[in-house]
Each structure stands twice: as C-alpha cells, then as structure tokens.
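S.K.: For reference, the file model_0.csv (CSV, C-alpha atoms) is included below:
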chain,number,residue,atom,x,y,z
I,6,MET,CA,135.1,115.4,87.5
I,7,ILE,CA,133.0,116.6,84.5
I,8,LEU,CA,133.3,120.3,85.3
I,9,ASN,CA,136.5,122.3,84.5
I,10,LYS,CA,138.1,123.9,87.6
I,11,LYS,CA,139.4,126.7,85.4
I,12,THR,CA,135.9,127.8,84.2
I,13,ASN,CA,133.3,129.9,86.0
I,14,TYR,CA,129.7,128.7,85.6
I,15,LEU,CA,126.2,130.1,85.8
I,16,GLN,CA,123.8,127.5,87.1
I,17,ILE,CA,120.1,128.2,86.3
I,18,ALA,CA,117.7,126.3,88.5
I,19,LEU,CA,114.4,125.4,86.9
I,20,ASN,CA,111.7,125.2,89.6
I,21,GLY,CA,108.5,126.0,87.7
I,22,THR,CA,106.4,123.9,85.3
I,23,ILE,CA,107.4,121.7,82.4
I,24,ASP,CA,106.2,124.4,80.0
I,25,ASP,CA,108.3,127.1,81.9
I,26,ALA,CA,111.3,124.8,81.6
I,27,ARG,CA,110.8,124.3,77.9
I,28,ASP,CA,110.5,128.0,77.2
I,29,ILE,CA,113.5,128.9,79.3
I,30,ILE,CA,115.7,126.2,77.7
I,31,TYR,CA,114.8,127.4,74.2
I,32,ARG,CA,115.5,131.1,75.1
I,33,ILE,CA,118.8,131.0,77.0
I,34,PRO,CA,122.0,131.1,75.0
I,35,VAL,CA,123.9,127.8,74.4
I,36,ASP,CA,127.1,128.3,76.3
I,37,GLN,CA,129.6,125.9,77.9
I,38,ARG,CA,129.4,128.0,81.1
I,39,ILE,CA,125.7,127.4,81.6
I,40,ILE,CA,124.6,124.5,83.9
I,41,LEU,CA,120.9,123.7,84.1
I,42,GLU,CA,119.4,122.4,87.3
I,43,ALA,CA,116.3,120.3,87.8
I,44,GLY,CA,115.3,122.1,91.0
I,45,THR,CA,113.9,120.2,94.0
I,46,PRO,CA,110.3,121.5,93.5
I,47,PHE,CA,110.5,120.5,89.9
I,48,ILE,CA,111.7,117.0,90.7
I,49,LYS,CA,108.9,116.6,93.3
I,50,SER,CA,106.4,117.6,90.7
I,51,TYR,CA,107.7,115.6,87.8
I,52,GLY,CA,110.1,113.0,89.2
I,53,GLU,CA,112.7,111.1,87.1
I,54,ASN,CA,110.8,111.9,83.9
I,55,GLY,CA,111.1,115.6,84.7
I,56,ILE,CA,114.9,115.4,85.0
I,57,ARG,CA,115.0,113.5,81.8
I,58,PHE,CA,112.9,116.1,80.0
I,59,ILE,CA,115.4,118.8,80.9
I,60,VAL,CA,118.4,116.7,80.0
I,61,ASP,CA,117.0,115.7,76.6
I,62,LEU,CA,115.9,119.2,75.7
I,63,TRP,CA,119.2,120.8,76.7
I,64,ARG,CA,121.1,118.0,74.9
I,65,GLN,CA,119.3,118.8,71.7
I,66,ARG,CA,120.3,122.4,71.9
I,67,SER,CA,123.9,121.8,73.2
I,68,PHE,CA,125.0,119.0,70.9
I,69,SER,CA,124.2,121.1,67.8
I,70,ALA,CA,126.6,123.7,69.2
I,71,GLY,CA,129.3,121.1,70.1
I,72,ILE,CA,128.8,121.7,73.9
I,73,PHE,CA,128.4,119.1,76.6
I,74,PRO,CA,124.9,119.4,78.2
I,75,TYR,CA,125.4,119.5,81.9
I,76,VAL,CA,122.4,119.1,84.2
I,77,VAL,CA,122.2,118.9,88.0
I,78,ALA,CA,119.5,116.9,89.7
I,79,ASP,CA,118.9,118.8,92.9
I,80,MET,CA,117.7,115.8,94.9
I,81,LYS,CA,118.9,117.2,98.2
I,82,CYS,CA,119.5,113.6,99.2
I,83,GLN,CA,119.0,112.9,102.9
I,84,ASP,CA,119.2,109.0,102.9
I,85,ARG,CA,119.6,106.1,100.4
I,86,GLY,CA,122.5,107.8,98.6
I,87,SER,CA,123.1,104.9,96.2
I,88,THR,CA,119.4,104.7,95.2
I,89,GLU,CA,119.2,108.4,94.4
I,90,VAL,CA,122.4,108.3,92.4
I,91,ALA,CA,121.0,105.4,90.4
I,92,ILE,CA,117.8,107.5,89.6
I,93,THR,CA,119.9,110.4,88.6
I,94,LYS,CA,122.1,108.3,86.3
I,95,THR,CA,119.1,106.7,84.7
I,96,ALA,CA,117.6,110.1,84.0
I,97,GLY,CA,120.8,111.2,82.3
I,98,ALA,CA,121.8,114.0,84.6
I,99,SER,CA,125.5,114.9,85.2
I,100,ALA,CA,125.4,115.6,88.9
I,101,ILE,CA,123.4,115.1,92.1
I,102,THR,CA,123.1,117.1,95.4
I,103,VAL,CA,123.2,115.7,98.9
I,104,ASN,CA,122.4,117.7,102.0
I,105,GLY,CA,125.4,118.6,104.2
I,106,ASN,CA,123.3,117.7,107.3
I,107,ALA,CA,122.5,114.2,106.0
I,108,PRO,CA,124.2,111.3,107.9
I,109,ILE,CA,127.9,111.0,107.1
I,110,GLU,CA,127.2,107.5,105.9
I,111,THR,CA,124.8,108.8,103.3
I,112,ILE,CA,127.2,111.4,102.1
I,113,ASN,CA,130.0,109.0,101.8
I,114,SER,CA,127.8,106.5,100.0
I,115,LEU,CA,126.6,109.1,97.5
I,116,ILE,CA,130.1,110.3,96.7
I,117,LEU,CA,131.3,106.8,96.2
I,118,GLU,CA,128.4,105.8,94.0
I,119,CYS,CA,128.8,109.0,91.9
I,120,GLU,CA,132.4,108.1,91.3
I,121,LYS,CA,131.3,104.7,90.1
I,122,ALA,CA,128.6,106.1,87.9
I,123,GLY,CA,130.7,108.9,86.4
I,124,LEU,CA,128.6,111.7,88.0
I,125,ASP,CA,129.7,114.7,89.9
I,126,SER,CA,128.7,114.8,93.6
I,127,MET,CA,127.6,118.1,95.1
I,128,ILE,CA,127.1,118.7,98.8
I,129,ASP,CA,124.6,121.5,99.8
I,130,MET,CA,125.6,123.2,103.0
I,131,MET,CA,122.4,125.1,103.5
I,132,ASN,CA,121.8,125.5,107.3
I,133,VAL,CA,125.3,124.0,108.1
I,134,GLU,CA,127.1,126.6,110.2
I,135,GLN,CA,130.6,125.1,109.8
I,136,PRO,CA,130.8,123.3,106.4
I,137,PHE,CA,134.5,122.5,106.8
I,138,LYS,CA,133.8,120.3,109.8
I,139,ILE,CA,131.5,118.2,107.7
I,140,LEU,CA,134.1,117.9,104.9
I,141,ARG,CA,136.8,116.8,107.4
I,142,LYS,CA,134.6,113.8,108.4
I,143,LEU,CA,134.2,112.5,104.8
I,144,LYS,CA,136.2,109.5,103.4
I,145,LYS,CA,136.5,111.4,100.1
I,146,LEU,CA,135.6,115.0,99.1
I,147,PRO,CA,132.7,115.8,96.8
I,148,ASN,CA,133.3,117.5,93.5
I,149,VAL,CA,131.4,120.6,94.5
I,150,VAL,CA,130.5,122.3,97.8
I,151,ILE,CA,127.4,124.5,97.6
I,152,LEU,CA,127.3,127.4,100.1
I,153,HIS,CA,123.6,128.2,100.2
I,154,ARG,CA,121.3,130.8,101.7
I,155,GLY,CA,117.8,129.2,101.5
I,156,VAL,CA,114.8,130.9,100.0
I,157,ASP,CA,112.9,131.1,103.3
I,158,GLU,CA,116.0,132.5,105.0
I,159,GLU,CA,116.2,135.2,102.3
I,160,THR,CA,112.5,135.9,102.6
I,161,PHE,CA,112.0,136.0,106.3
I,162,SER,CA,115.5,136.9,107.5
I,163,LYS,CA,116.4,139.8,105.3
I,164,ASP,CA,119.7,140.5,107.1
I,165,LYS,CA,121.0,137.0,106.8
I,166,PRO,CA,124.0,137.1,104.4
I,167,ILE,CA,125.1,134.6,101.8
I,168,PRO,CA,128.0,132.7,103.5
I,169,TYR,CA,130.8,134.1,101.3
I,170,GLN,CA,133.1,134.0,104.3
I,171,GLN,CA,133.3,130.2,104.1
I,172,ILE,CA,134.8,130.2,100.6
I,173,ASN,CA,138.4,130.9,101.6
I,174,LYS,CA,138.4,128.4,104.5
I,175,ILE,CA,137.2,125.6,102.2
I,176,ARG,CA,139.4,126.7,99.3
I,177,ALA,CA,142.5,126.7,101.6
I,178,ASN,CA,142.0,123.1,102.7
I,179,CYS,CA,140.0,121.3,100.0
I,180,ASP,CA,140.5,120.8,96.3
I,181,VAL,CA,136.8,121.2,95.3
I,182,LEU,CA,134.7,123.6,93.2
I,183,ILE,CA,132.6,126.0,95.2
I,184,ALA,CA,129.1,127.1,94.2
I,185,VAL,CA,127.2,129.9,95.8
I,186,ALA,CA,123.4,129.9,95.9
I,187,GLY,CA,120.9,132.3,97.4
I,188,GLY,CA,121.3,135.4,95.3
I,189,ASP,CA,119.8,136.5,92.0
I,190,THR,CA,120.9,140.0,91.3
I,191,VAL,CA,123.8,140.9,89.0
I,192,ARG,CA,125.5,142.5,92.0
I,193,GLU,CA,125.3,139.2,94.0
I,194,VAL,CA,126.7,137.3,91.0
I,195,GLN,CA,129.6,139.8,91.0
I,196,ARG,CA,130.2,139.3,94.7
I,197,ALA,CA,130.2,135.6,94.4
I,198,ILE,CA,132.8,135.6,91.6
I,199,PHE,CA,134.8,138.3,93.4
I,200,ASN,CA,134.9,136.0,96.5
I,201,ASP,CA,136.3,133.2,94.3
I,202,ALA,CA,133.3,131.0,93.7
I,203,ASN,CA,133.4,128.7,90.7
I,204,ILE,CA,129.6,128.4,90.2
I,205,VAL,CA,126.8,131.0,90.8
I,206,VAL,CA,123.4,129.5,91.2
I,207,VAL,CA,120.4,131.6,90.2
I,208,TRP,CA,116.7,130.8,90.0
I,209,LYS,CA,114.3,133.6,90.9
I,210,ASP,CA,114.5,135.5,87.7
I,211,PHE,CA,114.3,132.2,85.7
I,212,TYR,CA,111.4,130.8,87.7
I,213,GLU,CA,109.0,131.5,84.9
I,214,SER,CA,109.9,132.2,81.3
I,215,SER,CA,109.8,135.7,80.0
I,216,LEU,CA,110.9,137.6,76.9
I,217,GLU,CA,113.9,138.9,78.9
I,218,THR,CA,115.2,135.5,79.9
I,219,ALA,CA,117.9,135.2,77.2
I,220,GLU,CA,119.1,138.7,77.8
I,221,LEU,CA,119.2,138.1,81.5
I,222,ALA,CA,121.3,135.0,81.0
I,223,LYS,CA,123.7,137.0,78.7
I,224,GLU,CA,124.0,139.7,81.4
I,225,PHE,CA,124.9,137.2,84.1
I,226,LEU,CA,127.4,135.5,81.8
I,227,LYS,CA,129.2,138.8,81.2
I,228,GLU,CA,129.9,139.0,85.0
I,229,ILE,CA,131.4,135.5,85.3
I,230,LYS,CA,134.1,135.6,82.6
Would it be possible to restate this file's structure as structure tokens?

M.R.:
Amino acid sequence: MILNKKTNYLQIALNGTIDDARDIIYRIPVDQRIILEAGTPFIKSYGENGIRFIVDLWRQRSFSAGIFPYVVADMKCQDRGSTEVAITKTAGASAITVNGNAPIETINSLILECEKAGLDSMIDMMNVEQPFKILRKLKKLPNVVILHRGVDEETFSKDKPIPYQQINKIRANCDVLIAVAGGDTVREVQRAIFNDANIVVVWKDFYESSLETAELAKEFLKEIK
C-alpha cells in the first residue's frame, strides 16, 4: 500500500476542464495529506492523457517539496479490470477505483492486478446497501473502501445521508483504509473524520478554479489533522 494508515487525507476530485485542473493544481498547497483525483467526467473527456496531465503537473509541484505525488484514477471500473489497471499504470497514477456492484470476478481481478502493478485498489460502494457483504466475497481486500453518496443522490434526495454508519462495521472486520465521498462542507469533513474515516473526498468547491481555492484547501486540511 502506498498510503499511510496513520495519516488522514484530503482527496480533491478534478472534474472540470484541463484549464480548471491546471489552475487548481497550481493554487492548492503542496501537502503530503493531499490526494488528487482524475474524476470520472474528466477521464471521459480527456482519457489516459488527462490522467497523465494531472500526474505530471502534480509531480512537478510535489517533487520540489520532497512529497510523493499521489493521484487516483476514478475509472469506476465495471469490467475488464486488468485492462483498466494497465491504463492507469501507464498514465502514472497511484490508484484506481472499481465499482462495488461490478462482478466479483472483475473486482478480484482488479485487486490482483493492482498488487502486481504496485498500485492501490479502491472499491467504490456507491449504491451498495451492505458493503461488508461484498468485501466478504473477495479473495483479497482492496486497499481502500469508499463510502459514497452520489451527486444525483445528493441533488434529488436531499434527505439521503452519507453512509457514515458503515464505517465501524467495516473497520471492525477489515484492515482497510476508508474514504468518505459525497460531502463538501467543512462540517461534513469534520463529521467524516469524527466517524473515523481516513480519507475525505471533496469536489464541488474545487470543480472550477477560483481565487479562494488555496485557502479552501488549507481550511479543509486544518480539519483533518
């Protein structure tokens, strides 16, 4: 595993344009607790070259500060696990996501191929009611389990909560890092860390670059010490 289990991380998902990604990467602080994500919409727009663009730019900034540049390719793999791991590896990313409702064979394949390639495997449990049941079926656990309230869920079902209640059940039975996605406010970041998440994923306030981007990242980082 590349990530440190004793560290809490802020994962910033980049879902806008190449120009937006460039501006955000130049404005956020260089910090070992920051993970960058090539978001699914970004990958669909720019493909493997888009992932590589984020990796290369973040590497330039990180290496000068002596920090390892960690980038997640949010592929949300549903099939052909080995193929998508190969794409991610070639692009230079550190981790790849697979859907929790993908075939068990695909999840197992992706986790195995990640191990061979030296990548972290992340399983996204969006729309999976009982994540632990999926984890029990696997030959080997992923490095990270993502508990995720989707964007459309948040938009159209205002009362649907982020599944914090799943953290303790997974933590009690599985030696994995747990990420929480689906909230963007400082309060939601606080709740995720309070509920023992290792990684907090944010995107909405980083969707497009703004003059406040760097300060916003610093504010979030204060909450995940």

S.K.: Place a sphere of radius 10 Å on (134.6, 111.0, 91.2) in the file coordinates and name every protein, DNA or RNA residue with an atom inside or on its surface, counting all atoms listed in the file; give the answer as a list in words.

M.R.: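 Selection result: Met6, Ile7, Ile116, Leu117, Glu118, Cys119, Glu120, Lys121, Ala122, Gly123, Leu124, Asp125, Ser126, Lys145, Leu146, Pro147 and Asn148 of chain I.
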
S.K.: Can you measure CA of Arg32 in chain I to CA of Ala219 in chain I for me? One decimal in Å is fine.

M.R.: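 Computing it gives 5.2 Å between the two atoms.
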
S.K.: Please measure the separation of CA of Gln135 in chain I and CA of Asn173 in chain I, giving the value in Å to one decimal.

M.R.: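 Straight-line distance from CA of Gln135 in chain I to CA of Asn173 in chain I works out to 12.7 Å.
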
S.K.: Go through I:Ala78, I:Ile92, I:Ile17, I:Ala202 and flag the residue nearest Ile33 in chain I, using all atoms listed in the file for the distances.

M.R.: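 Once distances to Ile33 in chain I are computed over all atoms listed in the file, the minimum belongs to I:Ile17.
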
S.K.: Take CA of Phe137 in chain I and CA of Leu152 in chain I and report the distance between them in Å, one decimal.

M.R.: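 Taking CA of Phe137 in chain I and CA of Leu152 in chain I, their separation equals 11.0 Å.
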
S.K.: May I ask which of the residues I:Ala186, I:Val60, I:Ile29, I:Val90 is the closest one to Pro74 in chain I, counting only C-alpha atoms?

M.R.: I:Val60

S.K.: Any chance you could tabulate, as CSV, the residues of range 62-131 of chain I at most 9 Å from range 42-55 of chain I with each one's nearest atom pair and distance in Å to one decimal, using only C-alpha atoms, in chain and rising number order?

M.R.:
residue,atom,partner,partner_atom,distance
I:Tyr75,CA,I:Glu42,CA,8.6
I:Val76,CA,I:Glu42,CA,5.4
I:Val77,CA,I:Glu42,CA,4.5
I:Ala78,CA,I:Ala43,CA,5.0
I:Asp79,CA,I:Gly44,CA,5.2
I:Met80,CA,I:Thr45,CA,5.9
I:Lys81,CA,I:Thr45,CA,7.2
I:Ile92,CA,I:Glu53,CA,6.7
I:Thr93,CA,I:Glu53,CA,7.4
I:Thr95,CA,I:Glu53,CA,8.1
I:Ala96,CA,I:Glu53,CA,5.9
I:Ala98,CA,I:Ala43,CA,9.0

S.K.: Mind checking which residues fall within 8 Å of Ile39 in chain I, counting only C-alpha atoms, ignoring those fewer than 2 positions away in the same chain, and posting them as a CSV table (one decimal) with C-alpha atoms, in the coordinates of the input?

M.R.:
chain,number,residue,atom,x,y,z
I,14,TYR,CA,129.7,128.7,85.6
I,15,LEU,CA,126.2,130.1,85.8
I,16,GLN,CA,123.8,127.5,87.1
I,17,ILE,CA,120.1,128.2,86.3
I,35,VAL,CA,123.9,127.8,74.4
I,36,ASP,CA,127.1,128.3,76.3
I,37,GLN,CA,129.6,125.9,77.9
I,41,LEU,CA,120.9,123.7,84.1
I,75,TYR,CA,125.4,119.5,81.9

S.K.: At a cut-off of 10 Å, can you tabulate as a tab-separated table every residue of range 103-203 of chain I near range 84-88 of chain I together with its closest atom pair and the distance in Å to one decimal, using all atoms listed in the file and ordering rows by chain then number?

M.R.:
residue	atom	partner	partner_atom	distance
I:Val103	CA	I:Gly86	CA	7.9
I:Asn104	CA	I:Asp84	CA	9.3
I:Ala107	CA	I:Asp84	CA	6.9
I:Pro108	CA	I:Asp84	CA	7.4
I:Ile109	CA	I:Asp84	CA	9.9
I:Glu110	CA	I:Asp84	CA	8.7
I:Thr111	CA	I:Gly86	CA	5.3
I:Ile112	CA	I:Gly86	CA	6.9
I:Asn113	CA	I:Gly86	CA	8.2
I:Ser114	CA	I:Gly86	CA	5.6
I:Leu115	CA	I:Gly86	CA	4.4
I:Ile116	CA	I:Gly86	CA	8.2
I:Leu117	CA	I:Ser87	CA	8.4
I:Glu118	CA	I:Ser87	CA	5.8
I:Cys119	CA	I:Ser87	CA	8.2

S.K.: Just checking: using all atoms listed in the file, which residue out of I:Met127, I:Gln195, I:Glu134, I:Asn9 ends up closest to Leu226 in chain I?

M.R.: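 With all atoms listed in the file as the atom set, the closest residue is I:Gln195.
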
S.K.: For Ile229 in chain I, which of I:Arg57, I:Arg38, I:Lys144, I:His153 is the closest residue, counting all atoms listed in the file?

M.R.: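 Smallest separation from Ile229 in chain I among the options: I:Arg38.
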
S.K.: I:Phe199, I:Trp63, I:Phe225, I:Phe68: which is nearest Gly97 in chain I, counting only C-alpha atoms?

M.R.: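 Among the listed residues, I:Trp63 lies closest to Gly97 in chain I.
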
S.K.: Tell me, as a list of chain:residue names, which residues lie within 6 Å of range 175-184 of chain I, counting all atoms listed in the file; anything in the same chain fewer than 4 positions away does not count.

M.R.: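 Close residues of range 175-184 of chain I: I:Asn148, I:Val149, I:Val150, I:Ile151, I:Ala202, I:Asn203, I:Ile204, I:Val205.
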
S.K.: Just the residues within 12 Å of Asp24 in chain I, please, counting all atoms listed in the file, with nothing from its chain fewer than 4 positions along; format it as number ranges by chain.

M.R.: I: 19-20, 28-31, 47, 51, 55, 58-59, 62, 212-215
